[in-house]
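Asks: Compact mmCIF, C-alpha atoms, saved as start_32.txt, coming up:
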# COMPACT_ATOMS: atom_id res chain seq x y z
CA MET A 1 8.39 34.21 -17.39
CA HIS A 2 6.85 37.37 -18.85
CA ASP A 3 5.29 35.38 -21.70
CA ASP A 4 4.55 32.23 -19.71
CA PRO A 5 1.06 31.19 -20.88
CA SER A 6 0.68 28.84 -17.94
CA ARG A 7 0.44 31.79 -15.56
CA ALA A 8 -2.48 33.21 -17.51
CA ALA A 9 -4.19 29.82 -17.42
CA VAL A 10 -3.60 29.47 -13.67
CA ALA A 11 -4.96 32.99 -13.06
CA ARG A 12 -8.16 32.03 -14.86
CA ARG A 13 -8.43 28.73 -13.02
CA ALA A 14 -7.80 30.32 -9.61
CA ALA A 15 -10.31 33.11 -10.21
CA ARG A 16 -12.91 30.56 -11.28
CA ALA A 17 -12.27 28.49 -8.13
CA GLY A 18 -12.67 31.48 -5.82
CA ALA A 19 -15.74 32.71 -7.66
CA ALA A 20 -17.35 29.29 -7.22
CA VAL A 21 -17.01 29.60 -3.45
CA ALA A 22 -18.43 33.13 -3.49
CA SER A 23 -21.30 32.05 -5.71
CA GLU A 24 -22.24 29.16 -3.41
CA ARG A 25 -22.74 31.58 -0.49
CA PHE A 26 -24.36 34.42 -2.43
CA ARG A 27 -27.80 35.41 -1.11
CA THR A 28 -27.50 33.08 1.85
CA ASP A 29 -27.56 34.01 5.53
CA LEU A 30 -24.13 35.65 5.85
CA ALA A 31 -22.51 36.81 9.08
CA VAL A 32 -21.10 40.22 8.22
CA GLU A 33 -18.14 41.67 10.12
CA THR A 34 -16.53 45.10 9.87
CA LYS A 35 -12.85 45.96 9.52
CA THR A 36 -11.55 49.50 9.94
CA GLU A 37 -14.92 51.26 9.59
CA GLU A 38 -18.60 50.41 9.28
CA THR A 39 -18.59 50.35 5.48
CA ASP A 40 -15.49 48.10 5.27
CA VAL A 41 -17.11 44.69 5.57
CA VAL A 42 -15.95 41.09 5.33
CA THR A 43 -17.60 37.66 5.50
CA GLN A 44 -16.39 34.12 5.95
CA ALA A 45 -17.06 33.68 2.25
CA ASP A 46 -14.31 36.23 1.51
CA ARG A 47 -11.84 34.24 3.58
CA ASP A 48 -12.87 30.87 2.20
CA ALA A 49 -12.78 32.12 -1.39
CA GLN A 50 -9.28 33.50 -0.88
CA ARG A 51 -8.09 30.21 0.58
CA ARG A 52 -9.45 28.38 -2.46
CA VAL A 53 -7.69 30.81 -4.79
CA VAL A 54 -4.40 30.52 -2.92
CA GLU A 55 -4.60 26.73 -2.87
CA THR A 56 -5.04 26.74 -6.63
CA LEU A 57 -2.12 29.10 -7.14
CA ARG A 58 0.23 27.17 -4.88
CA GLU A 59 -0.57 23.87 -6.55
CA ALA A 60 1.02 25.31 -9.68
CA PHE A 61 3.55 27.80 -8.29
CA PRO A 62 4.30 26.88 -4.66
CA ASP A 63 7.20 29.31 -4.24
CA ASP A 64 5.55 32.48 -5.55
CA ALA A 65 4.56 35.32 -3.24
CA VAL A 66 0.82 35.92 -2.82
CA VAL A 67 -0.66 39.34 -2.07
CA GLY A 68 -4.20 39.01 -0.74
CA GLU A 69 -6.84 41.16 0.93
CA GLU A 70 -7.79 38.64 3.62
CA ASP A 71 -6.01 36.55 6.26
CA ASP A 72 -2.23 36.70 6.67
CA GLU A 73 -1.16 37.00 3.04
CA ARG A 74 1.26 39.82 2.34
CA LYS A 75 -0.28 43.23 1.59
CA THR A 76 2.28 44.78 -0.76
CA VAL A 77 3.47 43.77 -4.21
CA PRO A 78 7.16 42.80 -4.30
CA ASP A 79 9.29 44.80 -6.74
CA GLU A 80 11.28 41.72 -7.69
CA GLY A 81 10.29 38.21 -8.67
CA PRO A 82 6.97 36.55 -9.47
CA ALA A 83 3.85 37.13 -7.37
CA TRP A 84 0.08 36.88 -7.44
CA VAL A 85 -2.43 39.55 -6.39
CA VAL A 86 -5.80 38.25 -5.16
CA ASP A 87 -9.14 39.78 -4.24
CA PRO A 88 -11.50 36.92 -3.33
CA ILE A 89 -14.66 39.04 -3.38
CA ASP A 90 -14.24 42.54 -4.71
CA GLY A 91 -17.46 44.41 -4.04
CA THR A 92 -18.26 42.79 -0.71
CA ASN A 93 -20.79 45.54 0.10
CA ASN A 94 -22.69 44.54 -3.05
CA TYR A 95 -22.28 40.87 -2.18
CA VAL A 96 -23.82 41.14 1.28
CA ARG A 97 -26.75 43.17 -0.13
CA GLY A 98 -27.53 40.55 -2.75
CA ILE A 99 -26.34 42.76 -5.62
CA ARG A 100 -24.82 40.73 -8.43
CA VAL A 101 -21.86 43.01 -9.19
CA PHE A 102 -18.98 41.36 -7.32
CA ALA A 103 -15.88 39.61 -8.59
CA THR A 104 -12.99 37.33 -7.81
CA ALA A 105 -9.82 38.87 -9.23
CA VAL A 106 -6.40 37.28 -9.71
CA ALA A 107 -3.36 38.88 -11.33
CA ALA A 108 0.05 37.41 -12.08
CA VAL A 109 2.87 39.92 -11.72
CA ALA A 110 6.61 39.83 -12.30
CA ASP A 111 8.98 42.44 -10.87
CA GLY A 112 5.95 44.51 -9.87
CA GLU A 113 4.35 44.56 -13.32
CA PRO A 114 1.15 42.66 -14.21
CA LEU A 115 1.49 40.09 -16.99
CA ALA A 116 -1.83 38.22 -16.84
CA ALA A 117 -5.17 38.60 -15.08
CA ALA A 118 -8.62 37.14 -14.59
CA VAL A 119 -11.74 38.82 -13.18
CA ASP A 120 -14.68 36.45 -12.69
CA LEU A 121 -18.18 37.85 -12.02
CA PRO A 122 -20.09 34.65 -11.20
CA ALA A 123 -23.51 36.18 -10.52
CA VAL A 124 -23.37 38.21 -13.73
CA GLY A 125 -22.01 35.30 -15.73
CA ASP A 126 -19.00 37.05 -17.25
CA THR A 127 -15.32 36.17 -16.99
CA TYR A 128 -12.69 38.65 -18.13
CA ALA A 129 -9.09 37.64 -18.78
CA SER A 130 -5.94 39.19 -20.18
CA ASP A 131 -2.57 37.89 -21.26
CA ALA A 132 0.20 38.75 -23.70
CA ASP A 133 -2.25 38.34 -26.60
CA GLY A 134 -4.88 40.81 -25.42
CA ALA A 135 -8.02 41.04 -23.29
CA PHE A 136 -11.08 38.80 -23.46
CA ARG A 137 -14.63 38.51 -22.16
CA ASP A 138 -15.93 34.97 -21.99
CA GLY A 139 -13.22 33.92 -24.42
CA ASP A 140 -14.00 36.55 -27.06
CA PRO A 141 -11.67 39.51 -27.71
CA ALA A 142 -12.47 42.61 -25.69
CA SER A 143 -11.62 46.18 -26.67
CA VAL A 144 -12.07 49.63 -25.19
CA SER A 145 -14.64 51.90 -26.82
CA GLY A 146 -13.82 54.31 -29.63
CA VAL A 147 -15.62 57.31 -28.10
CA ASP A 148 -13.30 60.29 -28.47
CA ASP A 149 -15.51 63.13 -27.21
CA PRO A 150 -15.77 63.48 -23.41
CA GLU A 151 -19.31 64.84 -23.81
CA LEU A 152 -20.31 61.47 -25.23
CA ALA A 153 -18.42 59.47 -22.60
CA THR A 154 -19.69 57.65 -19.53
CA ALA A 155 -17.37 57.28 -16.54
CA ALA A 156 -17.42 55.99 -12.98
CA PRO A 157 -15.89 57.09 -9.69
CA THR A 158 -14.35 54.06 -8.04
CA VAL A 159 -12.79 52.69 -4.85
CA TRP A 160 -14.06 54.31 -1.65
CA TRP A 161 -13.75 57.60 0.15
CA GLY A 162 -14.13 57.36 3.94
CA PHE A 163 -16.64 59.49 5.79
CA ASP A 164 -13.90 62.04 6.49
CA ARG A 165 -13.21 62.35 2.73
CA ARG A 166 -16.67 62.89 1.28
CA ASP A 167 -15.70 66.30 -0.15
CA GLU A 168 -13.28 64.40 -2.40
CA TYR A 169 -15.98 61.91 -3.36
CA ALA A 170 -18.35 64.75 -4.23
CA ALA A 171 -15.65 66.51 -6.24
CA ALA A 172 -14.92 63.36 -8.22
CA CYS A 173 -18.60 62.94 -9.08
CA ARG A 174 -18.98 66.61 -9.95
CA GLY A 175 -15.85 66.49 -12.09
CA ILE A 176 -17.30 63.63 -14.11
CA VAL A 177 -20.80 65.01 -14.59
CA GLU A 178 -19.48 68.45 -15.59
CA ARG A 179 -17.22 66.96 -18.28
CA CYS A 180 -18.90 63.75 -19.45
CA ALA A 181 -22.25 62.61 -20.77
CA ASP A 182 -23.11 60.48 -17.75
CA MET A 183 -21.85 58.71 -14.67
CA ARG A 184 -22.19 55.23 -13.17
CA ARG A 185 -21.02 53.72 -9.90
CA PHE A 186 -20.86 49.94 -9.56
CA GLY A 187 -19.35 49.38 -6.10
CA CYS A 188 -16.71 46.97 -7.43
CA ALA A 189 -13.45 48.38 -8.75
CA GLN A 190 -12.43 45.27 -10.64
CA ALA A 191 -15.79 45.02 -12.41
CA THR A 192 -15.59 48.72 -13.25
CA LEU A 193 -12.14 48.34 -14.81
CA ALA A 194 -13.38 45.30 -16.73
CA MET A 195 -16.20 47.43 -18.14
CA VAL A 196 -13.67 49.99 -19.34
CA ALA A 197 -11.70 47.18 -20.99
CA ASP A 198 -14.84 45.87 -22.67
CA GLY A 199 -16.02 49.26 -23.92
CA ALA A 200 -19.15 49.43 -21.77
CA ILE A 201 -17.92 52.69 -20.21
CA GLU A 202 -15.14 55.04 -21.25
CA GLY A 203 -13.29 55.40 -17.96
CA THR A 204 -13.03 55.38 -14.20
CA ILE A 205 -11.26 57.59 -11.67
CA THR A 206 -10.18 57.92 -8.07
CA ASN A 207 -7.65 60.04 -6.21
CA VAL A 208 -7.34 57.42 -3.46
CA ARG A 209 -4.18 55.34 -3.14
CA CYS A 210 -5.66 52.01 -4.13
CA HIS A 211 -4.99 48.58 -2.71
CA PRO A 212 -3.34 46.34 -5.29
CA TRP A 213 -6.03 43.66 -4.94
CA ASP A 214 -8.65 46.21 -6.00
CA THR A 215 -6.84 47.28 -9.13
CA VAL A 216 -3.91 45.32 -10.57
CA ALA A 217 -5.95 42.70 -12.46
CA GLY A 218 -8.34 45.27 -13.90
CA VAL A 219 -5.53 47.61 -14.90
CA HIS A 220 -3.97 44.82 -16.95
CA LEU A 221 -7.33 44.18 -18.61
CA VAL A 222 -7.65 47.83 -19.61
CA ARG A 223 -4.15 48.06 -21.01
CA GLN A 224 -4.41 44.83 -22.96
CA ALA A 225 -7.76 46.01 -24.38
CA GLY A 226 -6.08 49.13 -25.77
CA GLY A 227 -6.79 51.57 -22.95
CA ARG A 228 -4.60 53.80 -20.80
CA VAL A 229 -4.11 53.89 -17.02
CA THR A 230 -2.23 56.69 -15.28
CA ASP A 231 -1.72 58.26 -11.89
CA LEU A 232 -2.78 61.80 -10.99
CA ASP A 233 0.30 63.24 -12.72
CA GLY A 234 -0.58 61.51 -15.96
CA ASP A 235 2.30 59.08 -15.59
CA ARG A 236 1.97 55.34 -16.12
CA TRP A 237 0.09 53.81 -13.17
CA ARG A 238 1.85 51.40 -10.81
CA HIS A 239 0.53 49.34 -7.94
CA ASP A 240 1.88 51.94 -5.49
CA SER A 241 0.60 55.06 -7.30
CA ARG A 242 -1.65 57.66 -5.73
CA GLY A 243 -4.93 57.80 -7.60
CA LEU A 244 -5.96 55.98 -10.74
CA VAL A 245 -7.33 57.24 -14.04
CA ALA A 246 -8.28 54.50 -16.51
CA SER A 247 -9.75 55.33 -19.90
CA ASN A 248 -10.23 54.07 -23.42
CA GLY A 249 -7.02 55.92 -24.26
CA GLU A 250 -8.59 58.63 -26.39
CA PRO A 251 -6.61 61.79 -25.50
CA ALA A 252 -9.55 64.12 -24.92
CA VAL A 253 -11.39 61.54 -22.82
CA HIS A 254 -8.36 60.72 -20.71
CA ASP A 255 -7.54 64.39 -20.18
CA ALA A 256 -11.10 65.12 -19.03
CA LEU A 257 -11.04 62.23 -16.57
CA LEU A 258 -7.60 63.23 -15.31
CA ALA A 259 -8.94 66.73 -14.65
CA ALA A 260 -11.89 65.25 -12.72
CA ALA A 261 -9.55 63.14 -10.58
CA ARG A 262 -7.44 66.22 -9.89
CA ASP A 263 -10.58 68.04 -8.75
CA ALA A 264 -10.96 65.39 -6.07
CA GLU A 265 -7.31 65.60 -5.13
CA ALA A 266 -7.58 69.39 -4.78
CA GLU A 267 -10.17 68.83 -2.04
CA ARG A 268 -7.77 66.48 -0.22
CA VAL A 269 -4.95 69.03 -0.07
CA ALA A 270 -7.12 72.11 0.48
With the file now loaded, output its structure as structure tokens.

Replies:
Amino acid sequence: MHDDPSRAAVARRAARAGAAVASERFRTDLAVETKTEETDVVTQADRDAQRRVVETLREAFPDDAVVGEEDDERKTVPDEGPAWVVDPIDGTNNYVRGIRVFATAVAAVADGEPLAAAVDLPAVGDTYASDADGAFRDGDPASVSGVDDPELATAAPTVWWGFDRRDEYAAACRGIVERCADMRRFGCAQATLAMVADGAIEGTITNVRCHPWDTVAGVHLVRQAGGRVTDLDGDRWRHDSRGLVASNGEPAVHDALLAAARDAEAERVA
């Protein structure tokens, strides 16, 4: 199962199907709802895109578990057996503002470990995928950058800090700009990880415990493109880790980004 090419193909097909639904509704009159707080938004397009993704997955693998952000799909990745991790529209805040950086992400996992992924950015026109053979953008091989000096690196804070955690957000940004050449923020974790995998930026950080649908697909992209992804202790990242530090794998760059993420974490425990 770990080398099953059909799972990689189904991940790509399912991501494309969900992205098509999202693309159809983009820049239309959307009814926007909130979840736990005002900045945590959802639309009917999110729900419909997830249903299309899940339908595609279950046509091929009807007995597999599905972890999904919306509706009643399970919210945790099983430690045993095959499963799929789905984010129908990652970057919904961008989506509802008419900003093109949003993605449909699908990852195939086995025993808790990702083995294939697809991240489709329909409004940008790029599709990222990864399997046992590597990482790809629009079918061409993708690779992390070769920048080995943090002072030449560009990095992004990612995921979201609630209004009661803005000191951590500020510390993460400060940690990056004090150590790196520049900073970006894209508002879509999966797109950000894809950019690390493709060498557009050198890394991304957060000290937040991330949802698997925001991260698992992109983490697999980064690793298969030659990068490194760890938790705040510098250990190999898992779907249940606290924090995430993804880089091009160059030791000095990763260490600088790990230090920036720890700056944010220091604010959390202060």

Asks: Please determine, counting all atoms listed in the file, which residue among A:Trp237, A:Phe186, A:Tyr169, A:Tyr128 has the shortest atom-to-atom distance to A:Arg262.

Replies: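 Nearest candidate to A:Arg262 out of A:Trp237, A:Phe186, A:Tyr169, A:Tyr128: A:Tyr169.
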
Asks: Enumerate, as a list in words, the protein, DNA and RNA residues whose atoms approach (-8.5, 57.5, -6.0) to within 6 Å, taking into account all atoms listed in the file and the coordinate frame of the file.

Replies: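 The residues that fall inside the cut-off are Thr206, Asn207, Val208, Arg209, Gly243 and Leu244 of chain A.
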
Asks: Using only C-alpha atoms for the distances, tell me which of A:Arg179, A:Arg16, A:Arg97, A:His239 is nearest to A:Asp111.

Replies: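 Smallest distance to A:Asp111 is found for A:His239.
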
Asks: Excluding same-chain residues fewer than 6 positions from A:Gly134, what lies within 10 Å of it counting only C-alpha atoms, as a ChimeraX atom specification?

Replies: /A:116,141-143,220-226

Asks: Could you take the residues named above and write them with C-alpha atoms, as a PDB file, keeping the file's coordinate frame?

Replies:
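File produced: result.pdb:
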ATOM      1  CA  ALA A 116      -1.830  38.220 -16.840  1.00  0.00           C
ATOM      2  CA  PRO A 141     -11.670  39.510 -27.710  1.00  0.00           C
ATOM      3  CA  ALA A 142     -12.470  42.610 -25.690  1.00  0.00           C
ATOM      4  CA  SER A 143     -11.620  46.180 -26.670  1.00  0.00           C
ATOM      5  CA  HIS A 220      -3.970  44.820 -16.950  1.00  0.00           C
ATOM      6  CA  LEU A 221      -7.330  44.180 -18.610  1.00  0.00           C
ATOM      7  CA  VAL A 222      -7.650  47.830 -19.610  1.00  0.00           C
ATOM      8  CA  ARG A 223      -4.150  48.060 -21.010  1.00  0.00           C
ATOM      9  CA  GLN A 224      -4.410  44.830 -22.960  1.00  0.00           C
ATOM     10  CA  ALA A 225      -7.760  46.010 -24.380  1.00  0.00           C
ATOM     11  CA  GLY A 226      -6.080  49.130 -25.770  1.00  0.00           C
TER      12      GLY A 226
END

Asks: What is the atom CA of A:Gly175-atom CA of A:Arg100 distance in Å, reported with one decimal?

Replies: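 Straight-line distance from atom CA of A:Gly175 to atom CA of A:Arg100 works out to 27.5 Å.
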
Asks: Could you please determine the separation between atom CA of A:Val86 and atom CA of A:Gly199 in Å, to one decimal place?

Replies: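 Atom CA of A:Gly199 lies 24.0 Å from atom CA of A:Val86.
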
Asks: When distances are computed from all atoms listed in the file, which of A:Ser247, A:Asp231, A:Val42, A:Phe136 shows the smallest separation from A:Ala156?

Replies: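 Checking each candidate against A:Ala156, we get A:Ser247 as the closest.
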
Asks: Using all atoms listed in the file for the distances, tell me which of A:Ala118, A:Ala65, A:Ile99, A:Ala171 is nearest to A:Gly139.

Replies: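 Between A:Ala118, A:Ala65, A:Ile99, A:Ala171, the residue approaching A:Gly139 most closely is A:Ala118.
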
Asks: Calculated over all atoms listed in the file, which of the candidates A:Ala49, A:Cys173, A:Ala117, A:Val253 has the smallest distance to A:Ile201?

Replies: A:Val253

Asks: Nearest residue to A:Ala217 out of A:Gln190, A:Thr204, A:Ser145, A:Ser241, using only C-alpha atoms?

Replies: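 The closest residue to A:Ala217 is A:Gln190.
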
Asks: Within 12 Å of (-7.3, 60.1, -23.1) in the file's own coordinates, which protein, DNA or RNA residues have an atom, counting only C-alpha atoms? List them as a PyMOL selection string.

Replies: chain A and resi 144-150+153+202-204+226-230+234+245-259

Asks: Skipping near chain neighbours, those fewer than 4 positions away, what residues fall within 8 Å of stretch 66-82 of chain A using only C-alpha atoms, listed as a short mmCIF file (atom, residue, chain, number, x, y, z; two decimals) with C-alpha atoms, in the coordinates of the input?

Replies:
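Result file follows (out-v3.cif):
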data_model
loop_
_atom_site.label_atom_id
_atom_site.label_comp_id
_atom_site.auth_asym_id
_atom_site.auth_seq_id
_atom_site.Cartn_x
_atom_site.Cartn_y
_atom_site.Cartn_z
CA ASP A 46 -14.31 36.23 1.51
CA ARG A 47 -11.84 34.24 3.58
CA GLN A 50 -9.28 33.50 -0.88
CA VAL A 54 -4.40 30.52 -2.92
CA VAL A 86 -5.80 38.25 -5.16
CA ASP A 87 -9.14 39.78 -4.24
CA PRO A 88 -11.50 36.92 -3.33
CA ALA A 108 0.05 37.41 -12.08
CA VAL A 109 2.87 39.92 -11.72
CA ALA A 110 6.61 39.83 -12.30
CA ASP A 111 8.98 42.44 -10.87
CA GLY A 112 5.95 44.51 -9.87
CA PRO A 212 -3.34 46.34 -5.29
CA TRP A 213 -6.03 43.66 -4.94
CA HIS A 239 0.53 49.34 -7.94
#

Asks: Mind pulling up the distance from atom CA of A:Ala22 to atom CA of A:Ala45?

Replies: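 Between atom CA of A:Ala45 and atom CA of A:Ala22 the gap is 5.9 Å.
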
Asks: Could you give me, as a ChimeraX atom specification, the residues within 7 Å of stretch 91-93 of chain A, counting only C-alpha atoms and dropping anything in the same chain fewer than 6 positions from it?

Replies: /A:41-42,101-103,187-188
